[in-house]
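Visitor: This structure is in structure tokens; I'll ask about it shortly.
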Amino acid sequence: MNYSSTNGDAQVGSLREALFQTFSSNGGLLMPETINPLPKEFLSNLHTFSFQEICLKVCTNLFGDEIPEQDLEKIIEKAFDFEIPLVEIYEKQVYSLELFHGKTLSFKDVGMCFMAELITYFLEKDKENTTQKNKEVTVLVATTGDTGSATASAFFKKEGIKVYILYPKNKLSLLQEKQLNTWGENITALEIDGTFEDCQRLVKETVADKELNEKIQVMTSNSYNIARLLPQCLYYFWAIAQLKGEKRTAIFSVPSGNFGNITAGIIAKKMGLRISRFIAATNINDVVPQYLLNGSFEPRPAVRTISSSMDTGNPVNFRRLLTLYNHSYTRFSADIAGYRLTDRRTKNTLKDLYEGYDYLADPHSTVAYAALKNYLTPESEVGIFLATAHPAKYYEVVKQTIADVELEMPSFLEEALRKEKQIVSLSSKIDDLKVFLSEK
């Protein structure tokens, strides 16, 4: 499998190179050059396969023969030791795909755990091959919460891997911060005096810096990296499998910030999965829903909301989506609809979902549910919204919205709150970060 750039420059020749390199030579995002359809017999009988069997088939289709099948089986087994259940909300019409049963209680665990095992696999191979330079890697991640905690958990104490988590100063709740800055060992939390967009910029510029990469191998676990994004295709197949032969096609409503999640869904559809359409569900940071209305993409500074993981004014993966549709607005808008929700309507919907159907959701999942209700045609479609985070991760918002709800704090969050912070404070200047990494 070759990987091509969204900028149209030279190919990258392997999954391994795409993983460690992150960007093309001129800063483009990498994409599989071809997306091959899976056999129709496999797709029509998904409900007869286990999750691990589906993962192996899809990953082999995505990665080619670069990783021997027996090694890929081990990577999958190590990465996915948690459930991804499809939960019926009502009347075999609306379902929640719960992606928050991994250790850090968010959908980021899926891609991150797979990516961590993939890096470990290639580093171990490098020890056997003296011509390869990647004996140790530095992983940078920009976050407002979930991506950073999932990275820390997946890479914690992994040999040959150092992780630096960049998050904006004074922009996160205490609970969000504690999930990032209490790890120690090979995990370092960097509190950046700036915005989340500053953190993203620092990560991108550092990973692309050729001079720095002569000294240390730098990569990112943000969805800039195609190896983080591709495993997210897997749970779309597993969702359809759990419908057990349902004849109606599925419509997926996806909480969208940087749009990696929905990009993975589009790739799954291009592999032949029966999906009628997608809804890009956002908060008031709605540059993609606006694009879908008028064909004009106009990035702008992000506005802070209660669904903070979607607070992005210039989504990273929009370029990948354009590439998947050959920059055709007509084709793009035929497959994807846009929807935005204010904080007030998010709280009202969260409460209605709980009181009406006894289902407690976090703010991001709530936005997706509201969007699904707006678009679903139940006679011909089954509606699935992605539940991307455990409601306890947004404890304050949920308790403010539903005062009498019993919301037990999961052990992962309780442990984080008890630990002491370990923080390094830096400015938002690229030179300061580069000096810090060089000295480390």
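Naming scheme: A, B, ... for chains in displayed order of the structure tokens; residues 1 onward per chain; ligands 1 onward as shown.
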Could you name the residues that touch segment 254-260 of chain A at 7 Å or less, counting only C-alpha atoms, but leaving out those on the same chain fewer than 3 positions away, as a VMD selection string?
Guide: chain A and resid 223 229 263 to 264 279 to 282 309 to 312 315 to 318 364 to 365 367 to 368 385 to 386
Visitor: Using DSSP on the backbone coordinates, identify all residues within segment 201-295 of chain A classified as helix (DSSP H, G or I); present the result as an MDAnalysis selection string.
Guide: chainID A and resid 201:207 210:215 226:242 260:270 287:294
Visitor: Separation of atom CA of Gln232 of chain A and atom CA of Leu322 of chain A, in Å?
Guide: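 Taking atom CA of Gln232 of chain A as the start and atom CA of Leu322 of chain A as the end point, the length is 18.6 Å.
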Visitor: Write out as a list in words which residues come within 6 Å of segment 192-207 of chain A when counting only C-alpha atoms, dropping same-chain ones fewer than 3 positions away.
Guide: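 Returned residues: Ala142, Leu166, Tyr167, Pro168, Lys169, Val218, Met219, Leu426, Ser427, Ser428 and Ile430 of chain A.
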Visitor: Env of Thr147 of chain A: 10 Å cut, atoms = only C-alpha atoms, seq-sep filter 2 positions within chain, self excluded. Answer as JSON, numbers by chain.
Guide: {"A": [104, 106, 107, 108, 109, 111, 112, 141, 142, 143, 144, 145, 149, 150, 151, 152, 165, 180, 221, 222, 223, 309]}
Visitor: Those selected residues, please, written with N, CA and C atoms and delivered as a short mmCIF file (atom, residue, chain, number, x, y, z; two decimals), in the first residue's frame.
Guide:
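Everything below was put into again02.cif:
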```
data_model
loop_
_atom_site.label_atom_id
_atom_site.label_comp_id
_atom_site.auth_asym_id
_atom_site.auth_seq_id
_atom_site.Cartn_x
_atom_site.Cartn_y
_atom_site.Cartn_z
N THR A 104 -9.30 5.03 29.02
CA THR A 104 -9.47 6.46 29.30
C THR A 104 -10.86 6.95 28.93
N SER A 106 -12.82 7.15 26.23
CA SER A 106 -13.18 7.91 25.03
C SER A 106 -12.85 7.10 23.78
N PHE A 107 -13.43 7.52 22.66
CA PHE A 107 -13.19 6.82 21.39
C PHE A 107 -11.73 6.87 20.96
N LYS A 108 -10.98 7.83 21.52
CA LYS A 108 -9.56 7.96 21.15
C LYS A 108 -8.76 6.71 21.52
N ASP A 109 -9.27 5.93 22.49
CA ASP A 109 -8.55 4.71 22.89
C ASP A 109 -8.42 3.73 21.73
N GLY A 111 -8.08 4.18 18.23
CA GLY A 111 -6.96 4.48 17.34
C GLY A 111 -5.63 4.53 18.06
N MET A 112 -5.64 5.03 19.30
CA MET A 112 -4.38 5.23 20.01
C MET A 112 -3.76 3.91 20.45
N VAL A 141 1.68 15.40 21.12
CA VAL A 141 0.23 15.41 20.93
C VAL A 141 -0.32 16.71 21.48
N ALA A 142 -1.16 17.38 20.67
CA ALA A 142 -1.89 18.56 21.11
C ALA A 142 -3.29 18.13 21.54
N THR A 143 -3.78 18.69 22.64
CA THR A 143 -5.04 18.17 23.18
C THR A 143 -5.78 19.20 24.00
N THR A 144 -7.09 18.99 24.12
CA THR A 144 -7.89 19.67 25.12
C THR A 144 -8.42 18.66 26.13
N GLY A 145 -7.94 17.42 26.05
CA GLY A 145 -8.36 16.43 27.03
C GLY A 145 -8.23 14.99 26.56
N SER A 149 -5.03 12.19 27.06
CA SER A 149 -5.12 11.11 28.05
C SER A 149 -5.04 9.74 27.38
N ALA A 150 -5.66 9.60 26.20
CA ALA A 150 -5.58 8.32 25.48
C ALA A 150 -4.16 8.03 25.02
N THR A 151 -3.44 9.07 24.59
CA THR A 151 -2.03 8.90 24.20
C THR A 151 -1.20 8.47 25.40
N ALA A 152 -1.36 9.16 26.51
CA ALA A 152 -0.59 8.84 27.71
C ALA A 152 -0.83 7.40 28.15
N ILE A 165 2.80 15.90 25.96
CA ILE A 165 1.41 16.31 25.79
C ILE A 165 1.33 17.83 25.90
N LEU A 180 -4.05 14.46 32.13
CA LEU A 180 -2.91 14.72 31.26
C LEU A 180 -1.60 14.85 32.01
N SER A 221 0.72 11.78 17.58
CA SER A 221 -0.41 10.86 17.70
C SER A 221 -1.73 11.58 17.43
N ASN A 222 -1.68 12.85 17.09
CA ASN A 222 -2.89 13.53 16.63
C ASN A 222 -3.33 12.94 15.29
N SER A 223 -4.54 13.26 14.87
CA SER A 223 -5.05 12.65 13.63
C SER A 223 -4.39 13.20 12.38
N SER A 309 -14.13 19.11 23.03
CA SER A 309 -13.30 18.36 22.09
C SER A 309 -13.64 18.67 20.63
#
```
